[in-house]
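Student: Structure below; questions to follow.
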Amino acid sequence: MNKKILILPGDYIGTEIMAEAVKVLELLKAEGEKIEWSFGHLGGAAYDAEGHPYPPSTQKAACEADAILMGAVGGPKYDSLPRAVRPEQGILGIRKDLGLFANLRPALAYEELAAASSFKPEVIAGLDILILRELTGDIYFGQPRGRRSNAEGAEEGYDTMHYSRPEVERIAHVAFQAAQKRNKRLCSVDKENVLETSRLWREVVIEVGKQYPDVALSHMYVDNAAMQLVKNPKQFDVIVTGNIFGDILSDEASMLAGSIGMLPSASLDVNNKGLYEPIHGSAPDIAGQGKANPLATILSVGMMFRYTFNRADLADRIDAAVKQVLRQGKRTGDIAQPGERIIGTKEMGDAVVAALKK
Ligand code: NAI
Ligand code: MG
């Protein structure tokens, strides 16, 4: 049976970069891979078409799909909408609806792009780390939250950080299994010296780790991890952490790779069904000009084959094709150095397809 992929291009450059990812799917289908895809709306595009950023038609298609590819949503056209129908509600809605609790963000430093990085070459050369962020718990979703007046009568805002044992267990399993497929080192990041949630987090990670004796487990406080990531990022292999620490550390790590246009991500549920998307946004400043870098989206297709379809062979081929076009000197504006020839979104997509052909 064909694997079903739901494609949600989204807004602004979303449609441009997704068109290039589709070229990759077309090539693989022509080679005989059993995949099929359909298109749906999310975010502003969904609001325009159906009056809601995550309409029932998308919800139904998302539930029926084996995997979802997303571009990016949002942009100035939608900034004045009421909060409930803002494009971001589309992403939050689909993540929550599908139980996508495990967010995987690889950060890779391509040696071909070393000159574009703000880091010294020796710090990032050969860097290949994976940050795993818990995505559906923590202070972002904890209740109670709100406003109240304190004992002195001053207004205060408050949020609640919490993690349950099962929530930590399931992300820990994903982390150990990811480490098993890589260099077998896992660093769990918390703030165990201060926070009770972190004490539970660490306890559970250690317990789960007993089932993975081949993975070397270490622990680090989040403030130190933020420092170590820029001091010596290559000491890490897989990092696992909670929602808010992961939000910050993964953005920090993205800069190690040079451009936001290069970084894919996956968000997985308990069965490894996933939503795959570039980590960047809809880039309204360059939309409609054919300039956007489609590589993060194409690499997201690779992650889909790796994590949801268990086809590391195809994922490796896509990763290798991207490296090859970089070696050939193909550069969109975001990864070009002064004086380098700049190509457009379509030309970059075509170059990857050419490199992919056997
Ligand atoms: P952004 O990531 O869209 O853009 C930041 C900068 O990076 C811009 O200068 C942009 O031109 C550049 N850039 C981003 N992707 C690129 C690519 N593929 N190739 C070349 N250059 C690229 O972030 P920004 O400007 O903060 O947000 C724009 C909109 O995107 C907002 O409405 C925001 O809410 C939304 N957004 C959506 C996300 C998603 O759908 N997951 C994630 C982040 C932002
Ligand atoms: Mg962020």
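Following the order of the structure tokens, chains are lettered A, B, ..., residues in each are numbered from 1, and ligands are numbered from 1.
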List all protein, DNA and RNA residues that have at least one atom no more than 10 Å from any atom of ligand 1, counting only C-alpha atoms and all ligand atoms, and write them as a VMD selection string.
Tutor: chain A and resid 9 to 14 16 to 17 42 to 44 70 to 79 86 to 88 90 to 92 259 to 263 265 277 to 287 290 to 297 332 to 335 344 to 345
Student: Taking a cut-off of 10 Å and counting only C-alpha atoms and all ligand atoms, can you build a table that, for each residue of chain A near ligand 2, reports the nearest atom pair and how far apart they are in Å (one decimal), sorted by chain then residue number, as CSV?
Tutor:
```
residue,atom,partner,partner_atom_place_in_ligand_line,distance
A:Ile244,CA,ligand 2,1 (Mg),9.0
A:Gly246,CA,ligand 2,1 (Mg),8.5
A:Asp247,CA,ligand 2,1 (Mg),4.9
A:Ile248,CA,ligand 2,1 (Mg),6.3
A:Leu249,CA,ligand 2,1 (Mg),8.9
A:Ser250,CA,ligand 2,1 (Mg),7.4
A:Asp251,CA,ligand 2,1 (Mg),5.9
A:Glu252,CA,ligand 2,1 (Mg),9.3
A:Ile279,CA,ligand 2,1 (Mg),8.6
A:His280,CA,ligand 2,1 (Mg),9.4
```
Student: Taking into account only C-alpha atoms, which residue in the set A:Ala102, A:Leu132, A:Arg327, A:Met348 is nearest to A:Ala179?
Tutor: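 Between A:Ala102, A:Leu132, A:Arg327, A:Met348, the residue approaching A:Ala179 most closely is A:Leu132.
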Student: Might you pull out every residue within 7 Å of A:Asp319, with only C-alpha atoms counted and same-chain residues fewer than 4 positions away left off, and present them as a list of chain:residue names?
Tutor: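 The filter keeps A:Leu299, A:Gly302, A:Ala315, A:Lys323.
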Student: So, counting only C-alpha atoms, which residue among A:Val270, A:Ala336, A:Leu27, A:Ala312 is closest to A:Ser117?
Tutor: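 Smallest separation from A:Ser117 among the options: A:Ala336.
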Student: Using only C-alpha atoms, which residues sit within 12 Å of A:Ile239 once same-chain residues fewer than 5 positions away are excluded, as a PyMOL selection string?
Tutor: chain A and resi 103-107+128-134+171-172+174-176+178-179+182-190+216-222+225-226+228-229+233-234+245-246+249-250+253
Student: Please, could you write that set of residues out with N, CA and C atoms as a compact mmCIF listing (two decimals), in the first residue's frame?
Tutor:
```txt
# COMPACT_ATOMS: atom_id res chain seq x y z
N ASN A 103 10.23 16.60 19.31
CA ASN A 103 10.72 17.50 18.27
C ASN A 103 12.22 17.27 18.06
N LEU A 104 12.55 16.81 16.87
CA LEU A 104 13.95 16.49 16.55
C LEU A 104 14.53 17.57 15.65
N ARG A 105 15.60 18.16 16.09
CA ARG A 105 16.26 19.16 15.27
C ARG A 105 17.74 18.85 15.13
N PRO A 106 18.13 18.33 14.00
CA PRO A 106 19.56 18.11 13.78
C PRO A 106 20.24 19.46 13.52
N ALA A 107 21.44 19.62 14.01
CA ALA A 107 22.24 20.80 13.64
C ALA A 107 23.55 20.30 13.06
N ASP A 128 27.84 17.55 14.00
CA ASP A 128 26.63 16.82 13.64
C ASP A 128 25.96 16.41 14.94
N ILE A 129 25.05 17.26 15.43
CA ILE A 129 24.37 16.94 16.68
C ILE A 129 22.85 16.92 16.46
N LEU A 130 22.16 16.30 17.38
CA LEU A 130 20.69 16.22 17.29
C LEU A 130 20.12 16.72 18.60
N ILE A 131 19.26 17.72 18.49
CA ILE A 131 18.58 18.22 19.70
C ILE A 131 17.16 17.69 19.70
N LEU A 132 16.81 17.10 20.81
CA LEU A 132 15.49 16.52 20.96
C LEU A 132 14.76 17.31 22.04
N ARG A 133 13.67 17.96 21.62
CA ARG A 133 12.92 18.84 22.52
C ARG A 133 11.53 18.24 22.77
N GLU A 134 11.16 18.13 24.03
CA GLU A 134 9.80 17.70 24.34
C GLU A 134 8.87 18.83 23.92
N ILE A 171 9.61 10.62 26.02
CA ILE A 171 10.64 11.39 25.30
C ILE A 171 12.02 10.76 25.54
N ALA A 172 12.21 10.19 26.74
CA ALA A 172 13.50 9.55 27.02
C ALA A 172 13.72 8.35 26.10
N VAL A 174 12.54 7.93 23.07
CA VAL A 174 12.87 8.45 21.74
C VAL A 174 14.34 8.88 21.70
N ALA A 175 14.77 9.52 22.80
CA ALA A 175 16.15 10.03 22.85
C ALA A 175 17.17 8.90 22.84
N PHE A 176 16.96 7.89 23.67
CA PHE A 176 17.91 6.78 23.71
C PHE A 176 17.94 6.05 22.37
N ALA A 178 17.24 7.31 19.44
CA ALA A 178 17.94 8.17 18.46
C ALA A 178 19.45 8.06 18.66
N ALA A 179 19.87 8.04 19.93
CA ALA A 179 21.31 7.94 20.22
C ALA A 179 21.86 6.59 19.75
N ARG A 182 22.86 6.71 16.31
CA ARG A 182 23.94 7.65 16.01
C ARG A 182 25.20 7.21 16.74
N ASN A 183 25.79 8.13 17.53
CA ASN A 183 27.08 7.79 18.15
C ASN A 183 26.96 7.32 19.60
N LYS A 184 25.72 7.00 20.00
CA LYS A 184 25.48 6.34 21.30
C LYS A 184 25.87 7.17 22.50
N ARG A 185 25.72 8.50 22.35
CA ARG A 185 25.95 9.37 23.51
C ARG A 185 24.72 10.27 23.67
N LEU A 186 24.19 10.31 24.89
CA LEU A 186 23.01 11.14 25.16
C LEU A 186 23.29 12.05 26.33
N CYS A 187 23.04 13.34 26.13
CA CYS A 187 23.17 14.30 27.23
C CYS A 187 21.78 14.83 27.56
N SER A 188 21.35 14.62 28.79
CA SER A 188 20.05 15.12 29.23
C SER A 188 20.26 16.46 29.92
N VAL A 189 19.51 17.46 29.48
CA VAL A 189 19.70 18.82 30.00
C VAL A 189 18.52 19.21 30.88
N ASP A 190 18.83 19.69 32.09
CA ASP A 190 17.78 20.07 33.04
C ASP A 190 18.29 21.18 33.95
N ALA A 216 25.79 5.92 26.30
CA ALA A 216 26.43 6.62 27.42
C ALA A 216 25.61 7.85 27.77
N LEU A 217 25.08 7.88 29.00
CA LEU A 217 24.21 8.98 29.42
C LEU A 217 24.98 9.98 30.29
N SER A 218 24.80 11.25 29.99
CA SER A 218 25.36 12.29 30.86
C SER A 218 24.27 13.33 31.15
N HIS A 219 24.53 14.19 32.11
CA HIS A 219 23.55 15.22 32.49
C HIS A 219 24.24 16.57 32.54
N MET A 220 23.50 17.60 32.20
CA MET A 220 24.09 18.94 32.24
C MET A 220 23.00 19.94 32.63
N TYR A 221 23.37 20.95 33.42
CA TYR A 221 22.42 22.02 33.70
C TYR A 221 22.27 22.89 32.46
N VAL A 222 21.07 23.42 32.30
CA VAL A 222 20.74 24.13 31.05
C VAL A 222 21.62 25.36 30.84
N ALA A 225 24.80 24.12 29.58
CA ALA A 225 24.62 23.58 28.21
C ALA A 225 24.62 24.71 27.19
N ALA A 226 23.99 25.83 27.54
CA ALA A 226 23.95 26.98 26.63
C ALA A 226 25.37 27.47 26.34
N GLN A 228 28.25 25.55 26.80
CA GLN A 228 29.03 24.49 26.13
C GLN A 228 28.69 24.38 24.64
N LEU A 229 27.44 24.69 24.28
CA LEU A 229 27.02 24.58 22.88
C LEU A 229 27.80 25.50 21.96
N PRO A 233 30.73 22.65 20.72
CA PRO A 233 29.50 21.92 20.38
C PRO A 233 29.74 20.46 20.00
N LYS A 234 30.96 20.16 19.56
CA LYS A 234 31.20 18.78 19.10
C LYS A 234 31.29 17.77 20.23
N PHE A 245 13.46 24.71 27.70
CA PHE A 245 14.93 24.69 27.53
C PHE A 245 15.27 24.32 26.08
N GLY A 246 14.48 23.40 25.51
CA GLY A 246 14.73 22.96 24.14
C GLY A 246 14.45 24.04 23.11
N LEU A 249 17.65 26.27 23.43
CA LEU A 249 18.90 25.61 22.99
C LEU A 249 18.87 25.26 21.51
N SER A 250 17.69 24.89 20.99
CA SER A 250 17.67 24.50 19.58
C SER A 250 17.84 25.71 18.66
N ALA A 253 21.52 26.40 18.77
CA ALA A 253 22.27 25.43 17.97
C ALA A 253 22.10 25.68 16.48
```
Student: Please determine, counting only C-alpha atoms, which residue among A:Tyr163, A:Gly288, A:Ala84, A:Leu69 has the shortest atom-to-atom distance to A:Met303.
Tutor: A:Leu69
Student: Rounded to one decimal in Å, what is the spacing between atom CA of A:Lys346 and atom CA of A:Glu20?
Tutor: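 Distance between the two atoms: 6.6 Å.
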Student: Write out as a list of chain:residue names which residues come within 8 Å of A:Glu192 when counting only C-alpha atoms, dropping same-chain ones fewer than 5 positions away.
Tutor: A:Thr197, A:Ser198, A:Arg199, A:Arg202, A:Tyr221
Student: Let me see the file: selected residues, N, CA and C atoms, as a CSV table (one decimal), in the first residue's frame.
Tutor:
```
chain,number,residue,atom,x,y,z
A,197,THR,N,10.6,19.7,38.8
A,197,THR,CA,10.3,19.1,37.5
A,197,THR,C,11.6,18.4,37.0
A,198,SER,N,12.7,19.1,37.1
A,198,SER,CA,14.0,18.7,36.6
A,198,SER,C,14.5,17.5,37.5
A,199,ARG,N,14.2,17.4,38.8
A,199,ARG,CA,14.6,16.3,39.6
A,199,ARG,C,13.8,15.0,39.1
A,202,ARG,N,15.3,14.0,35.6
A,202,ARG,CA,16.6,13.3,35.7
A,202,ARG,C,16.4,11.9,36.2
A,221,TYR,N,23.4,20.9,33.4
A,221,TYR,CA,22.4,22.0,33.7
A,221,TYR,C,22.3,22.9,32.5
```
Student: If you run DSSP over the backbone, which residues in stretch 49-218 of chain A end up helix (DSSP H, G or I)? Put them as a VMD selection string.
Tutor: chain A and resid 49 to 50 56 to 64 76 to 78 83 to 85 87 to 98 111 to 116 121 to 124 138 to 140 165 to 180 196 to 209
Student: Which stretch 46-86 of chain A residues have any atom within 12 Å of an atom of stretch 34-40 of chain A, and for each, what is the nearest pair of atoms with distance in Å to one decimal, counting only C-alpha atoms, rows sorted by chain and number, as a Markdown table?
Tutor:
```
| residue | atom | partner | partner_atom | distance |
| --- | --- | --- | --- | --- |
| A:Ala46 | CA | A:Gly40 | CA | 8.1 |
| A:Tyr47 | CA | A:Gly40 | CA | 11.9 |
| A:Ala49 | CA | A:Gly40 | CA | 10.2 |
| A:Glu50 | CA | A:Gly40 | CA | 11.0 |
| A:Pro53 | CA | A:Gly40 | CA | 11.2 |
| A:Tyr54 | CA | A:Gly40 | CA | 9.9 |
| A:Pro55 | CA | A:Gly40 | CA | 9.7 |
| A:Pro56 | CA | A:Gly40 | CA | 10.8 |
| A:Ser57 | CA | A:Gly40 | CA | 7.9 |
| A:Thr58 | CA | A:Gly40 | CA | 5.9 |
| A:Gln59 | CA | A:Gly40 | CA | 9.5 |
| A:Lys60 | CA | A:Gly40 | CA | 10.2 |
| A:Ala61 | CA | A:Gly40 | CA | 7.6 |
| A:Ala62 | CA | A:Gly40 | CA | 8.8 |
| A:Glu64 | CA | A:Ser38 | CA | 11.2 |
| A:Ala65 | CA | A:Trp37 | CA | 8.8 |
| A:Asp66 | CA | A:Trp37 | CA | 10.0 |
| A:Ala67 | CA | A:Trp37 | CA | 9.5 |
| A:Ile68 | CA | A:Trp37 | CA | 9.3 |
| A:Leu69 | CA | A:Phe39 | CA | 9.5 |
| A:Met70 | CA | A:Gly40 | CA | 9.7 |
| A:Gly71 | CA | A:Gly40 | CA | 11.4 |
```
Student: Excluding A:Met161 and residues on its chain fewer than 5 positions from it, collect all residues at most 6 Å away from it, counting only C-alpha atoms, and give them as JSON, numbers by chain.
Tutor: {"A": [138, 139, 142]}
Student: Just C-alpha atoms for this one: save the residues we selected as a short mmCIF file (atom, residue, chain, number, x, y, z; two decimals), in the first residue's frame.
Tutor:
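Once written, part_1.cif looks like this:
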```
data_model
loop_
_atom_site.label_atom_id
_atom_site.label_comp_id
_atom_site.auth_asym_id
_atom_site.auth_seq_id
_atom_site.Cartn_x
_atom_site.Cartn_y
_atom_site.Cartn_z
CA ASP A 138 6.23 21.91 30.44
CA ILE A 139 5.51 25.52 31.31
CA GLY A 142 0.99 23.96 32.51
#
```
Student: Can you tell me how far atom CA of A:Pro264 sits from atom CA of A:Tyr140, in Å to one decimal?
Tutor: 22.6 Å
Student: Considering only C-alpha atoms, state which residue in the set A:Val205, A:Ala115, A:Leu356, A:Ala154 is at the smallest distance from A:Leu25.
Tutor: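 For A:Leu25, the nearest of the candidates is A:Leu356.
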Student: Would you pick out the contacts of A:Val24 at 9 Å or less, using only C-alpha atoms, so that residues sharing its chain but fewer than 2 positions from it are not included, and give the list as number ranges by chain?
Tutor: A: 20-22, 26-29, 298, 301, 318, 349-350, 352-353, 356
Student: Suppose we keep N, CA and C atoms; can you now write the selection as an mmCIF file, in the first residue's frame?
Tutor:
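The result, stored in result27.cif:
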```
data_model
loop_
_atom_site.group_PDB
_atom_site.id
_atom_site.type_symbol
_atom_site.label_atom_id
_atom_site.label_comp_id
_atom_site.auth_asym_id
_atom_site.auth_seq_id
_atom_site.Cartn_x
_atom_site.Cartn_y
_atom_site.Cartn_z
ATOM 1 N N GLU A 20 9.619 22.589 -4.481
ATOM 2 C CA GLU A 20 10.903 21.907 -4.709
ATOM 3 C C GLU A 20 10.950 20.564 -3.982
ATOM 4 N N ALA A 21 10.351 20.516 -2.795
ATOM 5 C CA ALA A 21 10.286 19.239 -2.066
ATOM 6 C C ALA A 21 9.457 18.235 -2.857
ATOM 7 N N VAL A 22 8.405 18.726 -3.509
ATOM 8 C CA VAL A 22 7.537 17.841 -4.303
ATOM 9 C C VAL A 22 8.318 17.239 -5.479
ATOM 10 N N GLU A 26 8.458 13.396 -6.461
ATOM 11 C CA GLU A 26 8.131 12.918 -7.810
ATOM 12 C C GLU A 26 9.216 11.998 -8.353
ATOM 13 N N LEU A 27 10.467 12.383 -8.106
ATOM 14 C CA LEU A 27 11.571 11.539 -8.583
ATOM 15 C C LEU A 27 11.527 10.163 -7.903
ATOM 16 N N LEU A 28 11.327 10.161 -6.594
ATOM 17 C CA LEU A 28 11.336 8.886 -5.864
ATOM 18 C C LEU A 28 10.146 8.016 -6.273
ATOM 19 N N LYS A 29 9.018 8.645 -6.519
ATOM 20 C CA LYS A 29 7.835 7.888 -6.974
ATOM 21 C C LYS A 29 8.111 7.280 -8.352
ATOM 22 N N ILE A 298 13.698 20.275 1.756
ATOM 23 C CA ILE A 298 14.108 19.014 1.118
ATOM 24 C C ILE A 298 14.734 18.073 2.161
ATOM 25 N N VAL A 301 12.131 16.314 4.045
ATOM 26 C CA VAL A 301 11.648 15.121 3.336
ATOM 27 C C VAL A 301 12.549 13.927 3.705
ATOM 28 N N ILE A 318 19.186 11.610 0.133
ATOM 29 C CA ILE A 318 18.779 13.022 0.069
ATOM 30 C C ILE A 318 19.845 13.899 0.740
ATOM 31 N N GLY A 349 16.341 23.541 -6.319
ATOM 32 C CA GLY A 349 15.553 22.304 -6.285
ATOM 33 C C GLY A 349 15.945 21.377 -7.432
ATOM 34 N N ASP A 350 16.096 21.949 -8.617
ATOM 35 C CA ASP A 350 16.482 21.133 -9.791
ATOM 36 C C ASP A 350 17.865 20.515 -9.590
ATOM 37 N N VAL A 352 19.256 19.641 -6.785
ATOM 38 C CA VAL A 352 19.156 18.509 -5.851
ATOM 39 C C VAL A 352 18.588 17.287 -6.572
ATOM 40 N N VAL A 353 17.556 17.514 -7.381
ATOM 41 C CA VAL A 353 16.952 16.393 -8.117
ATOM 42 C C VAL A 353 17.995 15.764 -9.048
ATOM 43 N N LEU A 356 20.313 13.703 -7.100
ATOM 44 C CA LEU A 356 19.653 12.510 -6.543
ATOM 45 C C LEU A 356 19.550 11.379 -7.548
#
```
Student: Please report the interatomic distance between atom CA of A:Leu108 and atom CA of A:Ala257 in Å with one decimal.
Tutor: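 Atom CA of A:Ala257 lies at a distance of 5.4 Å from atom CA of A:Leu108.
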